[in-house]
file coords_6.csv (CSV, C-alpha atoms)
chain,number,residue,atom,x,y,z
N,1,LEU,CA,20.5,-20.3,-18.4
N,2,ASN,CA,19.5,-21.0,-14.8
N,3,CYS,CA,20.5,-23.3,-11.9
N,4,ARG,CA,17.5,-25.1,-10.6
N,5,ASN,CA,16.3,-24.7,-7.0
N,6,ARG,CA,17.2,-28.2,-5.9
N,7,VAL,CA,20.2,-30.3,-5.0
N,8,ASN,CA,21.2,-33.9,-5.7
N,9,SER,CA,19.7,-36.0,-2.9
N,10,THR,CA,22.5,-38.6,-3.3
N,11,MET,CA,25.2,-36.0,-2.4
N,12,SER,CA,26.3,-36.3,1.2
N,13,ARG,CA,25.7,-33.4,3.5
N,14,PRO,CA,29.4,-32.8,4.4
N,15,ILE,CA,30.3,-32.6,0.7
N,16,LEU,CA,27.4,-30.4,-0.1
N,17,LEU,CA,28.3,-27.9,2.7
N,18,ALA,CA,31.9,-27.9,1.6
N,19,ALA,CA,31.0,-27.1,-2.0
N,20,ALA,CA,28.6,-24.4,-0.9
N,21,VAL,CA,31.4,-22.7,1.2
N,22,MET,CA,33.9,-22.9,-1.7
N,23,LEU,CA,31.5,-21.5,-4.3
N,24,THR,CA,30.3,-18.7,-2.0
N,25,GLY,CA,33.9,-17.6,-1.7
N,26,GLN,CA,34.2,-17.3,-5.5
N,27,GLY,CA,31.4,-14.8,-5.5
N,28,ALA,CA,27.9,-14.8,-7.1
N,29,HIS,CA,27.2,-11.3,-5.8
N,30,GLY,CA,27.8,-8.4,-8.1
N,31,ALA,CA,30.2,-6.2,-6.1
N,32,GLY,CA,28.6,-2.9,-7.3
N,33,ALA,CA,25.0,-4.0,-6.7
N,34,VAL,CA,23.0,-3.1,-3.6
N,35,VAL,CA,22.4,-6.1,-1.3
N,36,LEU,CA,18.7,-6.2,-0.5
N,37,THR,CA,17.1,-8.1,2.4
N,38,ARG,CA,13.6,-8.0,4.0
N,39,ASP,CA,15.0,-5.5,6.5
N,40,ASN,CA,16.3,-2.9,4.1
N,41,TYR,CA,14.2,-3.5,1.0
N,42,ASP,CA,11.5,-0.9,1.6
N,43,GLU,CA,14.0,1.8,2.6
N,44,LEU,CA,16.4,1.3,-0.3
N,45,THR,CA,13.8,0.9,-3.0
N,46,SER,CA,11.2,3.4,-2.1
N,47,GLY,CA,10.2,5.7,-5.0
N,48,LYS,CA,12.6,4.0,-7.4
N,49,ASN,CA,12.5,1.6,-10.3
N,50,MET,CA,14.4,-1.7,-9.6
N,51,PHE,CA,16.5,-4.2,-11.5
N,52,ILE,CA,17.1,-7.2,-9.2
N,53,LYS,CA,19.0,-10.4,-9.5
N,54,PHE,CA,17.8,-13.2,-7.3
N,55,PHE,CA,20.7,-15.7,-6.8
N,56,ALA,CA,22.2,-18.6,-4.9
N,57,PRO,CA,25.9,-18.5,-3.9
N,58,TRP,CA,26.5,-22.0,-5.2
N,59,CYS,CA,25.0,-21.4,-8.7
N,60,GLY,CA,27.5,-21.4,-11.5
N,61,HIS,CA,25.4,-19.2,-13.8
N,62,CYS,CA,25.0,-16.7,-11.0
N,63,LYS,CA,28.8,-16.5,-10.6
N,64,ALA,CA,29.2,-16.1,-14.4
N,65,MET,CA,26.9,-13.2,-14.4
N,66,ALA,CA,28.3,-11.5,-11.3
N,67,PRO,CA,31.0,-9.4,-13.0
N,68,ALA,CA,28.6,-7.8,-15.5
N,69,TRP,CA,26.0,-7.2,-12.8
N,70,GLY,CA,28.6,-5.6,-10.5
N,71,GLU,CA,29.7,-3.2,-13.3
N,72,LEU,CA,26.0,-2.3,-13.8
N,73,GLY,CA,25.6,-1.6,-10.1
N,74,THR,CA,28.7,0.6,-10.1
N,75,GLU,CA,27.4,2.4,-13.2
N,76,PHE,CA,24.1,3.4,-11.5
N,77,GLU,CA,25.4,3.7,-7.9
N,78,GLY,CA,23.8,6.7,-6.3
N,79,SER,CA,21.1,7.0,-9.0
N,80,SER,CA,17.9,8.8,-7.8
N,81,SER,CA,15.7,6.7,-10.1
N,82,VAL,CA,16.9,3.1,-10.2
N,83,VAL,CA,18.3,0.5,-7.8
N,84,ILE,CA,20.5,-2.4,-9.1
N,85,GLY,CA,20.0,-5.0,-6.5
N,86,ASP,CA,21.1,-8.5,-5.4
N,87,VAL,CA,19.1,-10.9,-3.3
N,88,ASP,CA,20.7,-14.0,-1.9
N,89,CYS,CA,17.9,-16.5,-1.8
N,90,THR,CA,19.8,-18.8,0.6
N,91,SER,CA,20.1,-16.1,3.3
N,92,ASP,CA,17.6,-15.5,6.1
N,93,GLY,CA,17.2,-11.9,4.9
N,94,GLY,CA,16.8,-12.7,1.2
N,95,LYS,CA,14.7,-15.9,1.2
N,96,PRO,CA,11.4,-14.1,2.0
N,97,LEU,CA,11.9,-11.8,-1.0
N,98,CYS,CA,12.6,-14.7,-3.2
N,99,ASP,CA,9.6,-16.6,-1.9
N,100,ALA,CA,7.4,-13.6,-2.6
N,101,GLN,CA,8.5,-13.6,-6.3
N,102,GLU,CA,8.2,-17.4,-6.5
N,103,VAL,CA,11.8,-17.8,-7.6
N,104,ARG,CA,12.5,-21.3,-8.8
N,105,GLY,CA,15.8,-21.0,-10.7
N,106,TYR,CA,19.0,-19.0,-10.4
N,107,PRO,CA,19.7,-16.4,-11.4
N,108,THR,CA,16.2,-15.0,-11.8
N,109,VAL,CA,16.4,-11.4,-12.9
N,110,MET,CA,13.4,-9.1,-12.6
N,111,TYR,CA,12.6,-5.4,-13.2
N,112,PHE,CA,10.1,-3.2,-11.5
N,113,ASN,CA,8.8,0.1,-12.9
N,114,GLY,CA,5.5,2.0,-13.3
N,115,GLU,CA,4.3,-0.4,-16.0
N,116,THR,CA,5.0,-3.6,-14.1
N,117,GLY,CA,3.8,-2.5,-10.6
N,118,GLU,CA,4.9,-4.4,-7.5
N,119,LYS,CA,4.8,-7.8,-9.1
N,120,GLY,CA,7.5,-6.9,-11.6
N,121,GLU,CA,8.4,-8.7,-14.8
N,122,LYS,CA,11.1,-11.3,-15.6
N,123,TYR,CA,14.0,-10.0,-17.6
N,124,ASN,CA,15.0,-12.4,-20.4
N,125,GLY,CA,17.5,-10.3,-22.3
N,126,GLY,CA,21.3,-10.5,-22.6
N,127,ARG,CA,23.5,-10.7,-19.5
N,128,ASP,CA,26.5,-8.8,-20.8
N,129,THR,CA,27.2,-5.4,-19.3
N,130,GLU,CA,26.3,-3.3,-22.4
N,131,THR,CA,23.0,-5.0,-22.9
N,132,LEU,CA,22.1,-4.7,-19.2
N,133,LYS,CA,23.1,-1.0,-19.3
N,134,LYS,CA,21.0,-0.3,-22.4
N,135,PHE,CA,17.9,-1.9,-20.9
N,136,THR,CA,18.4,0.0,-17.7
N,137,LEU,CA,18.8,3.3,-19.5
N,138,GLU,CA,15.8,2.7,-21.8
N,139,SER,CA,13.4,1.2,-19.3
N,140,LEU,CA,14.3,2.1,-15.7
N,141,SER,CA,16.4,5.2,-15.4
N,142,ALA,CA,14.8,8.6,-15.5
N,143,LYS,CA,16.3,10.8,-18.1
N,144,CYS,CA,17.1,14.5,-17.9
N,145,LYS,CA,16.5,15.7,-21.5
N,146,VAL,CA,18.1,18.9,-22.7
N,147,GLU,CA,15.1,19.9,-24.8
N,148,GLU,CA,12.5,19.0,-22.1
N,149,THR,CA,13.8,19.5,-18.6
N,150,SER,CA,10.8,18.4,-16.5
N,151,ALA,CA,12.8,15.4,-15.2
N,152,CYS,CA,15.9,17.4,-14.5
N,153,SER,CA,17.1,18.7,-11.1
N,154,GLU,CA,18.0,22.3,-10.7
N,155,LYS,CA,21.7,21.3,-10.7
N,156,GLU,CA,21.2,19.6,-14.0
N,157,ILE,CA,19.4,22.5,-15.5
N,158,GLY,CA,22.2,24.8,-14.5
N,159,TYR,CA,24.7,22.5,-16.1
N,160,ILE,CA,22.7,22.4,-19.3
N,161,GLU,CA,22.6,26.2,-19.5
N,162,LYS,CA,26.3,26.3,-19.0
N,163,MET,CA,27.3,23.7,-21.6
N,164,LYS,CA,24.7,23.7,-24.4
N,165,GLY,CA,26.0,26.9,-26.1
N,166,ASP,CA,29.5,25.4,-26.8
N,167,SER,CA,29.3,22.0,-28.4
N,168,ALA,CA,33.1,21.8,-29.0
N,169,GLU,CA,33.8,22.4,-25.3
N,170,SER,CA,31.0,19.9,-24.4
N,171,ALA,CA,32.8,17.3,-26.4
N,172,LYS,CA,36.0,17.9,-24.6
N,173,GLN,CA,34.3,17.7,-21.2
N,174,LEU,CA,32.5,14.5,-22.3
N,175,GLU,CA,35.7,12.8,-23.2
N,176,ARG,CA,37.3,13.9,-19.9
N,177,LEU,CA,34.4,12.7,-17.7
N,178,LYS,CA,34.1,9.4,-19.5
N,179,GLY,CA,37.8,8.8,-18.6
N,180,MET,CA,36.8,9.3,-14.9
N,181,LYS,CA,34.1,6.6,-14.8
N,182,GLY,CA,36.4,3.9,-13.5
N,183,ASN,CA,37.7,6.0,-10.6
N,184,SER,CA,36.7,5.3,-7.1
N,185,MET,CA,34.4,8.1,-5.7
N,186,ALA,CA,31.6,8.7,-3.3
N,187,PRO,CA,28.1,7.7,-4.5
N,188,GLU,CA,26.9,11.4,-4.8
N,189,LEU,CA,30.0,12.2,-6.9
N,190,LYS,CA,29.4,9.1,-9.1
N,191,LYS,CA,25.8,10.2,-9.5
N,192,TRP,CA,26.8,13.7,-10.6
N,193,LEU,CA,29.4,12.3,-13.0
N,194,ASN,CA,26.8,10.1,-14.7
N,195,GLN,CA,24.3,13.0,-14.8
N,196,ARG,CA,26.8,15.3,-16.6
N,197,ILE,CA,27.8,12.6,-19.0
N,198,ALA,CA,24.2,12.0,-19.9
N,199,ILE,CA,23.7,15.7,-20.6
N,200,LEU,CA,26.9,16.1,-22.6
N,201,GLU,CA,26.0,13.2,-24.8
N,202,GLN,CA,23.0,15.2,-25.9
N,203,VAL,CA,24.8,18.5,-26.6
N,204,ALA,CA,28.3,17.6,-27.7
N,205,VAL,CA,29.5,17.2,-31.2
N,206,PRO,CA,32.1,14.5,-31.9
N,207,LEU,CA,35.7,15.7,-31.7
call {"tool": "encode", "arguments": {"input": "coords_6.csv", "output": "structure tokens"}}
result
Amino acid sequence: LNCRNRVNSTMSRPILLAAAVMLTGQGAHGAGAVVLTRDNYDELTSGKNMFIKFFAPWCGHCKAMAPAWGELGTEFEGSSSVVIGDVDCTSDGGKPLCDAQEVRGYPTVMYFNGETGEKGEKYNGGRDTETLKKFTLESLSAKCKVEETSACSEKEIGYIEKMKGDSAESAKQLERLKGMKGNSMAPELKKWLNQRIAILEQVAVPL
């Protein structure tokens, strides 16, 4: 479902502006996502895969998707491999990015990885949090694998060595860390939390 990139020409300008202000206040931006503009795009996305929602503040479908998109952004905050981004197509900073992708309806969700190149591909899957997260993990996020550690950092490798010999303790730690996911923390701590959870999910046995 999308809002079309047009407005009713019979609507008076004062009414249109008032409606836009009201809807903007209700929030079409996913709070946990990175706000991308032409000024910060290259810096924030360099060397990373991207999952980007192009939106307009007045769009009802964008507002409906915002909570799930915000949760996804929080989940991958601080990730070294993927950026969950928001681009406001009505803003001076966002419009050039939307024009470059020929965005015609809102929200337009696109992903960019090694297979798609700079042009990206449109995402047409589900818009609930779990479906978005599953796609991100499978298609965009680099995985540190316990049995093949070439994509792991030294810190991750050290944690693997520490935990993989005790599956029962790993299960306890996994339960503890999952309980911390909703806590407010710095991006680097959030990143390390998610990295440990990903490792423990591979080595732990269910309690």
call {"tool": "atom_distance", "arguments": {"input": "coords_6.csv", "atom1": "atom CA of Gly94 of chain N", "atom2": "atom CA of Lys53 of chain N"}}
result
11.2 Å
call {"tool": "closest_residue", "arguments": {"input": "coords_6.csv", "among": "N:Ser80, N:Thr116, N:Asn49, N:Gln173", "to": "Cys152 of chain N", "atoms": "only C-alpha atoms"}}
result
N:Ser80
call {"tool": "residues_around", "arguments": {"input": "coords_6.csv", "residues": "segment 125-135 of chain N", "least_positions_apart": "2", "cutoff": "8 Å", "atoms": "all atoms listed in the file", "output": "PDB file with C-alpha atoms, keeping the file's coordinate frame"}}
result
ATOM      1  CA  MET N  65      26.900 -13.200 -14.400  1.00  0.00           C
ATOM      2  CA  ALA N  68      28.600  -7.800 -15.500  1.00  0.00           C
ATOM      3  CA  TRP N  69      26.000  -7.200 -12.800  1.00  0.00           C
ATOM      4  CA  GLU N  71      29.700  -3.200 -13.300  1.00  0.00           C
ATOM      5  CA  LEU N  72      26.000  -2.300 -13.800  1.00  0.00           C
ATOM      6  CA  TYR N 123      14.000 -10.000 -17.600  1.00  0.00           C
ATOM      7  CA  LEU N 137      18.800   3.300 -19.500  1.00  0.00           C
ATOM      8  CA  GLU N 138      15.800   2.700 -21.800  1.00  0.00           C
ATOM      9  CA  SER N 139      13.400   1.200 -19.300  1.00  0.00           C
ATOM     10  CA  LEU N 140      14.300   2.100 -15.700  1.00  0.00           C
TER      11      LEU N 140
END
call {"tool": "closest_residue", "arguments": {"input": "coords_6.csv", "among": "N:Val87, N:Pro107, N:Val82, N:Gln101", "to": "His61 of chain N", "atoms": "all atoms listed in the file"}}
result
N:Pro107
call {"tool": "closest_residue", "arguments": {"input": "coords_6.csv", "among": "N:Asp88, N:Glu147, N:Glu161, N:Glu156", "to": "Arg196 of chain N", "atoms": "all atoms listed in the file"}}
result
N:Glu156
call {"tool": "closest_residue", "arguments": {"input": "coords_6.csv", "among": "N:Leu97, N:Gly117, N:Glu75, N:Val83", "to": "Gly182 of chain N", "atoms": "all atoms listed in the file"}}
result
N:Glu75
call {"tool": "atom_distance", "arguments": {"input": "coords_6.csv", "atom1": "atom CA of Gly93 of chain N", "atom2": "atom CA of Ala186 of chain N"}}
result
26.4 Å
call {"tool": "closest_residue", "arguments": {"input": "coords_6.csv", "among": "N:His29, N:Lys190, N:Lys95, N:Lys178", "to": "Lys63 of chain N", "atoms": "all atoms listed in the file"}}
result
N:His29
call {"tool": "residues_around", "arguments": {"input": "coords_6.csv", "residues": "Tyr111 of chain N", "least_positions_apart": "4", "cutoff": "6 Å", "atoms": "all atoms listed in the file", "output": "count of residues only"}}
result
4
call {"tool": "closest_residue", "arguments": {"input": "coords_6.csv", "among": "N:Lys162, N:Cys59, N:Leu44, N:Glu77", "to": "Leu189 of chain N", "atoms": "only C-alpha atoms"}}
result
N:Glu77
call {"tool": "atom_distance", "arguments": {"input": "coords_6.csv", "atom1": "atom CA of Ala33 of chain N", "atom2": "atom CA of Leu174 of chain N"}}
result
25.3 Å
call {"tool": "residues_near_point", "arguments": {"input": "coords_6.csv", "point": "(30.1, 12.3, -14.1)", "cutoff": "10 Å", "atoms": "only C-alpha atoms", "output": "list in words"}}
result
Gln173, Leu174, Arg176, Leu177, Lys178, Gly179, Met180, Lys181, Glu188, Leu189, Lys190, Lys191, Trp192, Leu193, Asn194, Gln195, Arg196, Ile197, Ala198, Ile199 and Leu200 of chain N
call {"tool": "decode", "arguments": {"input": "coords_6.csv", "residues": "segment 30-165 of chain N", "atoms": "C-alpha atoms", "output": "short mmCIF file (atom, residue, chain, number, x, y, z; two decimals), in the first residue's frame"}}
result
data_model
loop_
_atom_site.label_atom_id
_atom_site.label_comp_id
_atom_site.auth_asym_id
_atom_site.auth_seq_id
_atom_site.Cartn_x
_atom_site.Cartn_y
_atom_site.Cartn_z
CA GLY N 30 10.59 5.67 12.49
CA ALA N 31 12.18 6.95 15.71
CA GLY N 32 15.01 4.40 15.72
CA ALA N 33 15.97 4.84 12.06
CA VAL N 34 18.81 7.06 10.81
CA VAL N 35 17.61 10.25 9.11
CA LEU N 36 19.42 10.45 5.78
CA THR N 37 19.86 13.61 3.70
CA ARG N 38 22.04 14.56 0.76
CA ASP N 39 24.51 16.10 3.25
CA ASN N 40 25.08 12.99 5.41
CA TYR N 41 24.19 10.15 3.05
CA ASP N 42 27.72 9.27 1.86
CA GLU N 43 29.23 9.52 5.34
CA LEU N 44 26.60 7.41 7.12
CA THR N 45 26.21 4.71 4.49
CA SER N 46 29.79 4.23 3.32
CA GLY N 47 30.79 0.56 3.29
CA LYS N 48 27.41 -0.63 4.56
CA ASN N 49 24.31 -2.32 3.20
CA MET N 50 21.19 -0.20 3.45
CA PHE N 51 17.47 -0.62 4.09
CA ILE N 52 15.79 2.72 3.40
CA LYS N 53 12.23 3.99 3.68
CA PHE N 54 11.42 6.98 1.46
CA PHE N 55 8.39 8.72 2.92
CA ALA N 56 6.24 11.84 3.10
CA PRO N 57 5.10 13.18 6.51
CA TRP N 58 1.46 13.49 5.39
CA CYS N 59 1.20 9.89 4.15
CA GLY N 60 -1.07 7.64 6.23
CA HIS N 61 0.65 4.43 5.11
CA CYS N 62 4.00 5.93 6.16
CA LYS N 63 2.66 6.74 9.60
CA ALA N 64 1.25 3.23 9.95
CA MET N 65 4.64 1.73 9.14
CA ALA N 66 6.65 4.09 11.36
CA PRO N 67 6.48 2.09 14.64
CA ALA N 68 7.76 -1.14 13.06
CA TRP N 69 10.43 0.75 11.13
CA GLY N 70 11.53 2.51 14.30
CA GLU N 71 11.84 -0.81 16.15
CA LEU N 72 13.91 -2.17 13.27
CA GLY N 73 16.19 0.86 13.44
CA THR N 74 16.66 0.40 17.18
CA GLU N 75 17.41 -3.29 16.68
CA PHE N 76 20.27 -2.54 14.27
CA GLU N 77 21.46 0.71 15.83
CA GLY N 78 25.25 0.78 15.79
CA SER N 79 25.52 -2.09 13.30
CA SER N 80 28.80 -2.16 11.40
CA SER N 81 27.19 -3.76 8.34
CA VAL N 82 23.73 -2.26 7.77
CA VAL N 83 21.97 1.12 8.02
CA ILE N 84 18.22 1.37 8.62
CA GLY N 85 17.40 4.76 7.12
CA ASP N 86 14.56 7.23 6.68
CA VAL N 87 14.42 9.81 3.88
CA ASP N 88 11.79 12.56 4.01
CA CYS N 89 10.98 13.24 0.36
CA THR N 90 9.35 16.58 1.18
CA SER N 91 12.46 18.04 2.84
CA ASP N 92 15.20 19.99 1.07
CA GLY N 93 17.78 17.44 2.19
CA GLY N 94 15.73 14.36 1.33
CA LYS N 95 14.14 15.32 -1.99
CA PRO N 96 17.33 14.89 -4.08
CA LEU N 97 17.73 11.33 -2.75
CA CYS N 98 14.10 10.52 -3.59
CA ASP N 99 14.45 12.03 -7.05
CA ALA N 100 17.55 9.92 -7.70
CA GLN N 101 15.52 6.77 -6.94
CA GLU N 102 12.51 8.04 -8.93
CA VAL N 103 10.21 7.66 -5.94
CA ARG N 104 6.58 8.03 -7.04
CA GLY N 105 4.63 6.71 -4.05
CA TYR N 106 5.04 6.59 -0.28
CA PRO N 107 6.40 4.75 1.46
CA THR N 108 8.87 3.34 -1.05
CA VAL N 109 11.16 0.89 0.73
CA MET N 110 14.42 -0.12 -0.95
CA TYR N 111 17.44 -2.19 -0.03
CA PHE N 112 21.01 -1.91 -1.21
CA ASN N 113 23.68 -4.60 -0.99
CA GLY N 114 26.44 -6.17 -3.05
CA GLU N 115 23.93 -7.83 -5.36
CA THR N 116 21.80 -4.76 -6.08
CA GLY N 117 24.60 -2.22 -6.42
CA GLU N 118 23.96 1.52 -6.08
CA LYS N 119 20.60 1.35 -7.87
CA GLY N 120 19.10 -0.86 -5.17
CA GLU N 121 15.94 -2.94 -5.33
CA LYS N 122 12.41 -2.27 -4.13
CA TYR N 123 11.35 -4.24 -1.07
CA ASN N 124 7.88 -5.70 -1.46
CA GLY N 125 7.70 -7.91 1.64
CA GLY N 126 5.73 -7.58 4.85
CA ARG N 127 5.94 -4.39 6.89
CA ASP N 128 5.65 -5.84 10.39
CA THR N 129 8.69 -5.79 12.68
CA GLU N 130 9.47 -9.51 12.58
CA THR N 131 9.30 -9.75 8.78
CA LEU N 132 11.48 -6.67 8.36
CA LYS N 133 13.99 -8.00 10.88
CA LYS N 134 14.10 -11.42 9.20
CA PHE N 135 14.80 -9.84 5.82
CA THR N 136 17.52 -7.62 7.27
CA LEU N 137 19.25 -10.52 8.99
CA GLU N 138 19.09 -12.77 5.94
CA SER N 139 19.89 -10.25 3.20
CA LEU N 140 21.73 -7.26 4.66
CA SER N 141 23.41 -7.89 8.00
CA ALA N 142 26.86 -9.50 8.02
CA LYS N 143 26.81 -12.57 10.23
CA CYS N 144 29.51 -13.74 12.60
CA LYS N 145 29.34 -17.54 12.40
CA VAL N 146 30.69 -19.70 15.20
CA GLU N 147 31.96 -22.37 12.83
CA GLU N 148 33.41 -19.95 10.27
CA THR N 149 34.72 -16.77 11.88
CA SER N 150 36.03 -14.83 8.86
CA ALA N 151 33.26 -12.21 9.28
CA CYS N 152 33.82 -11.92 13.05
CA SER N 153 35.71 -9.21 14.89
CA GLU N 154 38.48 -10.11 17.36
CA LYS N 155 36.08 -9.24 20.17
CA GLU N 156 33.46 -11.62 18.80
CA ILE N 157 36.00 -14.40 18.35
CA GLY N 158 37.08 -14.00 21.96
CA TYR N 159 33.48 -14.24 23.12
CA ILE N 160 32.93 -17.36 21.01
CA GLU N 161 35.91 -19.06 22.61
CA LYS N 162 34.63 -18.09 26.04
CA MET N 163 31.06 -19.34 25.59
CA LYS N 164 30.95 -22.23 23.14
CA GLY N 165 32.27 -24.81 25.60
#
